[in-house]
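Scroll down for the structure; my scribbles are underneath it.
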Amino acid sequence: MALLEVNDLSVRLQTQRGPAFAVRNISFSLERGETQGLIGESGCGKSIAVLSLMGLLPEHAQVTGSIRFDGEELVGKKEAQLCEIRGNRIGMIFQEPMTALNPVHPIGRQVGEPLRLHRGLDAAAARKQAIALLDRVGIPDAARRIDAYPHQFSGGQRQRVTIAMALACGPDLLIADEPTTALDVTIQQQILELIGELVAERGMALLLISHDLGVIAQNVDRMLVMYGGSVVESGPTESVFGQMAHPYTRGLFAARPRLNAVRGQRLATIAGTVPDLVDLPAGCPFAGRCRFTIDDCYRVVPPPVEVSPGHQARCIRLDAVAAAAMQGALE
C-alpha cells in the first residue's frame, strides 16, 4: 500500500466571477522513501493541490475525490483529526518563510511547538530538542540564537528554521512548496541539498513543488506536470525529460534560460497567457495556447496515454507533437 494515494481529486473555489476548479481530477501516489516533483507555471494549481492534502484550503472550498494517507481517508475529516496529522505525520515547508514564521515569537518556541503538541514534551525538553534540530539544519550557534526572532535571521536561515519546524516530529511525508523562492542560487543549492540529505537520512517521502525545471530534474525520482489544475504529463523524471510528450512540457523546457545563449537573444515563450480558472475550456486546459489545437481539443478531456512504462501524457495529438519534435531535431 502506498503511503499517499490521491484519486480524482478536485478542488472548487468560490471567486468573484463564480465557482472555479483550481484542481481538476488529479490522481497520483507516493511510496515511502520516494521523491516526487510537481511543476507548472504560477496559477496552475500546484499549491492548492498540496494544501488540500494538509486540509489548509480557503474557506468554502469544496473538495471531491479521495486522499488516502497510510490507508486513512483525509477528505471529510474534522479539523481536530487533521490537526493530529498535520505537523506530526505530514510536515510542510512553506513557500515564504517570513510569512510562515510568527514575527512576535522567538524561533525556539516555534520549532518546539510541534514537539509540545504532538509529543507531549515539556518546555525544557522541547527547547533542548529544538536546539538539536536547528543545529542539524545548519543554524550557527543554535543554543545562543534560539531566543532570537525571525527578523534577526537572513532569508536562507529563516528557510532553515521552517525546515526544522517541518521535521520536528519526524514526519512520514515532507511537502516542500517552492522552498527556494527568493533565495540566491548558492543558498538555493544549499537548501535543496539539506532537504535531500534529511529525506534520505530519515526515510521520508518527499513531494517537492517548483516552477524550476532544473530543481525538479536534479532532486526527484518522479514528476507531475500541471496546467490549468490538471496533470497533463507524469512519470519517472528521466523519462519525462527524455521524451517530453505533452506540448506544454515541451513549451516549459524551451522557455528555460540557456548558458550558451547568444547575448540579446530573446527567450522562447508559450503563446498567450494562462487563462482565468473560470475561463478554462471544457476539454484540454492547454487548448488555445497550443499550436497543435484542433476543435476537439476544446471539447474532449484528453484521456491519459501511456508514452512509456509508467509515463503518461494527456493529449489527443501526441503523434503530431512527436512528429513535429522529430522534424525539428532533424533540421
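Ordered as shown in the C-alpha cells, chains take letters A, B, and onward, while each chain numbers its residues from 1 and ligands are numbered from 1 in the order shown.
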
Just the residues within 8 Å of range 64-81 of chain A, please, counting only C-alpha atoms, with nothing from its chain fewer than 5 positions along; format it as a PyMOL selection string. chain A and resi 1-11+25+53+55

I'd like the contact shell of Gly112 in chain A - 12 Å cut-off, only C-alpha atoms, skipping same-chain residues fewer than 6 positions apart - returned as a VMD selection string. chain A and resid 87 105 to 106 118 to 134 146 to 147 161 to 162 164 to 169

I want to know what sits within 8 Å of range 45-50 of chain A, based on only C-alpha atoms, with residues of the same chain fewer than 4 positions away left out; could you give that as an MDAnalysis selection string? chainID A and resid 11 22:23 38:40 54 57 175 177 209 226:230

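Atom to atom, CA of Leu115 in chain A and CA of Pro171 in chain A stand 11.8 Å apart.
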
Please compute the CA of His211 in chain A-CA of Ser42 in chain A distance, one decimal, in Å. 7.3 Å

Write down as an MDAnalysis selection string the residues of range 55-223 of chain A whose backbone DSSP state falls under helix (DSSP H, G or I). chainID A and resid 79:85 97:100 107:119 123:136 142:145 150:152 155:167 185:202 213:219

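Distances here use only C-alpha atoms; by that measure, the residue among A:Leu252, A:Met326, A:Val104, A:Leu56 closest to Cys83 in chain A is A:Leu56.
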
Of the residues A:Arg89, A:Arg24, A:Arg17, A:His60, which is the one nearest to Met204 in chain A, using only C-alpha atoms?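 So, comparing all the options, the nearest one is A:Arg89.
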
Using backbone DSSP assignments, extract all strand (DSSP E or B) residues from range 35-228 of chain A; output them as a ChimeraX atom specification. /A:35-39,62-69,72-73,86,90-93,173-177,205-210,222-227

Just the residues within 7 Å of Glu34 in chain A, please, counting only C-alpha atoms, with nothing from its chain fewer than 3 positions along; format it as a ChimeraX atom specification. /A:30-31,205-206

Residues of the last selection are to be written out with all heavy atoms, as a PDB file, in the first residue's frame.
```
ATOM      1  N   LEU A  30       2.324   8.093  -3.878  1.00  0.00           N
ATOM      2  CA  LEU A  30       3.680   8.344  -3.391  1.00  0.00           C
ATOM      3  C   LEU A  30       4.033   7.245  -2.407  1.00  0.00           C
ATOM      4  O   LEU A  30       3.336   7.038  -1.415  1.00  0.00           O
ATOM      5  CB  LEU A  30       3.731   9.721  -2.714  1.00  0.00           C
ATOM      6  CG  LEU A  30       5.093  10.320  -2.369  1.00  0.00           C
ATOM      7  CD1 LEU A  30       5.958  10.459  -3.619  1.00  0.00           C
ATOM      8  CD2 LEU A  30       4.906  11.682  -1.711  1.00  0.00           C
ATOM      9  N   GLU A  31       5.121   6.537  -2.707  1.00  0.00           N
ATOM     10  CA  GLU A  31       5.564   5.447  -1.840  1.00  0.00           C
ATOM     11  C   GLU A  31       6.459   5.986  -0.722  1.00  0.00           C
ATOM     12  O   GLU A  31       7.014   7.080  -0.815  1.00  0.00           O
ATOM     13  CB  GLU A  31       6.354   4.414  -2.658  1.00  0.00           C
ATOM     14  CG  GLU A  31       5.592   3.819  -3.830  1.00  0.00           C
ATOM     15  CD  GLU A  31       4.527   2.831  -3.405  1.00  0.00           C
ATOM     16  OE1 GLU A  31       4.551   2.411  -2.224  1.00  0.00           O
ATOM     17  OE2 GLU A  31       3.670   2.480  -4.237  1.00  0.00           O
ATOM     18  N   ALA A 205       9.065  10.301   2.595  1.00  0.00           N
ATOM     19  CA  ALA A 205       8.642  10.573   1.231  1.00  0.00           C
ATOM     20  C   ALA A 205       8.668  12.090   1.052  1.00  0.00           C
ATOM     21  O   ALA A 205       8.392  12.844   1.992  1.00  0.00           O
ATOM     22  CB  ALA A 205       7.241  10.035   0.982  1.00  0.00           C
ATOM     23  N   LEU A 206       9.005  12.543  -0.147  1.00  0.00           N
ATOM     24  CA  LEU A 206       9.107  13.976  -0.424  1.00  0.00           C
ATOM     25  C   LEU A 206       8.229  14.346  -1.604  1.00  0.00           C
ATOM     26  O   LEU A 206       8.285  13.705  -2.664  1.00  0.00           O
ATOM     27  CB  LEU A 206      10.556  14.361  -0.739  1.00  0.00           C
ATOM     28  CG  LEU A 206      10.793  15.798  -1.242  1.00  0.00           C
ATOM     29  CD1 LEU A 206      10.499  16.806  -0.141  1.00  0.00           C
ATOM     30  CD2 LEU A 206      12.224  15.965  -1.761  1.00  0.00           C
TER      31      LEU A 206
END
```

Interatomic distance between CA of Gly283 in chain A and CA of Met223 in chain A? 22.8 Å

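Each of A:Ile191, A:Cys44, A:Pro179, A:Ile93 was checked against Gly138 in chain A using only C-alpha atoms; the smallest atom-to-atom distance is that of A:Ile191.
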
Residues within 7 Å of Thr237 in chain A, please, as an MDAnalysis selection string. Count only C-alpha atoms; anything in the same chain fewer than 6 positions from it doesn't count. chainID A and resid 217 220:223

Residues near Gly155 in chain A, cut-off 10 Å, only C-alpha atoms, skip fewer than 5 positions along chain, as a PyMOL selection string: chain A and resi 96-98+150+160-161+180-184+187

Could you list, as a PDB file with N, CA and C atoms, in the first residue's frame, every residue within 9 Å of range 292-297 of chain A, counting only C-alpha atoms and ignoring same-chain residues fewer than 2 positions away?
```pdb
ATOM      1  N   PRO A 247       2.774  18.952 -25.337  1.00  0.00           N
ATOM      2  CA  PRO A 247       3.283  20.236 -25.840  1.00  0.00           C
ATOM      3  C   PRO A 247       3.530  21.273 -24.755  1.00  0.00           C
ATOM      4  N   PRO A 281     -11.151  26.003 -20.931  1.00  0.00           N
ATOM      5  CA  PRO A 281     -12.019  25.268 -21.849  1.00  0.00           C
ATOM      6  C   PRO A 281     -12.527  23.982 -21.225  1.00  0.00           C
ATOM      7  N   ALA A 282     -13.617  23.460 -21.753  1.00  0.00           N
ATOM      8  CA  ALA A 282     -14.205  22.236 -21.210  1.00  0.00           C
ATOM      9  C   ALA A 282     -13.325  21.020 -21.461  1.00  0.00           C
ATOM     10  N   GLY A 283     -12.509  21.072 -22.514  1.00  0.00           N
ATOM     11  CA  GLY A 283     -11.648  19.946 -22.853  1.00  0.00           C
ATOM     12  C   GLY A 283     -10.270  20.079 -22.252  1.00  0.00           C
ATOM     13  N   CYS A 284      -9.261  20.091 -23.119  1.00  0.00           N
ATOM     14  CA  CYS A 284      -7.879  20.222 -22.659  1.00  0.00           C
ATOM     15  C   CYS A 284      -7.645  21.626 -22.141  1.00  0.00           C
ATOM     16  N   PRO A 285      -7.086  21.778 -20.934  1.00  0.00           N
ATOM     17  CA  PRO A 285      -6.877  23.125 -20.386  1.00  0.00           C
ATOM     18  C   PRO A 285      -5.874  23.948 -21.194  1.00  0.00           C
ATOM     19  N   PHE A 286      -5.014  23.271 -21.973  1.00  0.00           N
ATOM     20  CA  PHE A 286      -3.983  23.968 -22.750  1.00  0.00           C
ATOM     21  C   PHE A 286      -4.467  24.357 -24.142  1.00  0.00           C
ATOM     22  N   ALA A 287      -5.693  23.991 -24.483  1.00  0.00           N
ATOM     23  CA  ALA A 287      -6.248  24.313 -25.803  1.00  0.00           C
ATOM     24  C   ALA A 287      -6.259  25.830 -26.010  1.00  0.00           C
ATOM     25  N   GLY A 288      -5.844  26.259 -27.180  1.00  0.00           N
ATOM     26  CA  GLY A 288      -5.807  27.685 -27.492  1.00  0.00           C
ATOM     27  C   GLY A 288      -4.402  28.246 -27.397  1.00  0.00           C
ATOM     28  N   ARG A 289      -3.646  27.829 -26.411  1.00  0.00           N
ATOM     29  CA  ARG A 289      -2.252  28.260 -26.287  1.00  0.00           C
ATOM     30  C   ARG A 289      -1.324  27.302 -27.043  1.00  0.00           C
ATOM     31  N   CYS A 290      -1.827  26.149 -27.371  1.00  0.00           N
ATOM     32  CA  CYS A 290      -1.047  25.098 -28.016  1.00  0.00           C
ATOM     33  C   CYS A 290      -1.152  25.215 -29.530  1.00  0.00           C
ATOM     34  N   ARG A 299     -13.305  20.394 -26.744  1.00  0.00           N
ATOM     35  CA  ARG A 299     -14.492  19.670 -26.315  1.00  0.00           C
ATOM     36  C   ARG A 299     -14.192  18.411 -25.508  1.00  0.00           C
ATOM     37  N   VAL A 300     -13.061  17.777 -25.790  1.00  0.00           N
ATOM     38  CA  VAL A 300     -12.771  16.459 -25.233  1.00  0.00           C
ATOM     39  C   VAL A 300     -11.694  16.555 -24.152  1.00  0.00           C
ATOM     40  N   VAL A 301     -11.993  16.030 -22.967  1.00  0.00           N
ATOM     41  CA  VAL A 301     -10.971  15.931 -21.923  1.00  0.00           C
ATOM     42  C   VAL A 301     -10.041  14.789 -22.312  1.00  0.00           C
ATOM     43  N   PRO A 302      -8.768  15.066 -22.576  1.00  0.00           N
ATOM     44  CA  PRO A 302      -7.871  14.015 -23.077  1.00  0.00           C
ATOM     45  C   PRO A 302      -7.672  12.906 -22.050  1.00  0.00           C
ATOM     46  N   CYS A 315      -3.076  14.112 -24.033  1.00  0.00           N
ATOM     47  CA  CYS A 315      -3.141  14.919 -25.258  1.00  0.00           C
ATOM     48  C   CYS A 315      -3.675  14.026 -26.373  1.00  0.00           C
ATOM     49  N   ILE A 316      -4.631  14.529 -27.155  1.00  0.00           N
ATOM     50  CA  ILE A 316      -5.190  13.732 -28.250  1.00  0.00           C
ATOM     51  C   ILE A 316      -4.359  13.857 -29.522  1.00  0.00           C
ATOM     52  N   ARG A 317      -3.277  14.650 -29.480  1.00  0.00           N
ATOM     53  CA  ARG A 317      -2.448  14.850 -30.674  1.00  0.00           C
ATOM     54  C   ARG A 317      -0.987  14.513 -30.404  1.00  0.00           C
ATOM     55  N   ALA A 320       1.144  13.932 -33.538  1.00  0.00           N
ATOM     56  CA  ALA A 320       1.532  15.159 -34.243  1.00  0.00           C
ATOM     57  C   ALA A 320       2.650  15.891 -33.501  1.00  0.00           C
ATOM     58  N   VAL A 321       2.568  15.900 -32.169  1.00  0.00           N
ATOM     59  CA  VAL A 321       3.607  16.547 -31.368  1.00  0.00           C
ATOM     60  C   VAL A 321       4.931  15.819 -31.552  1.00  0.00           C
TER      61      VAL A 321
END
```
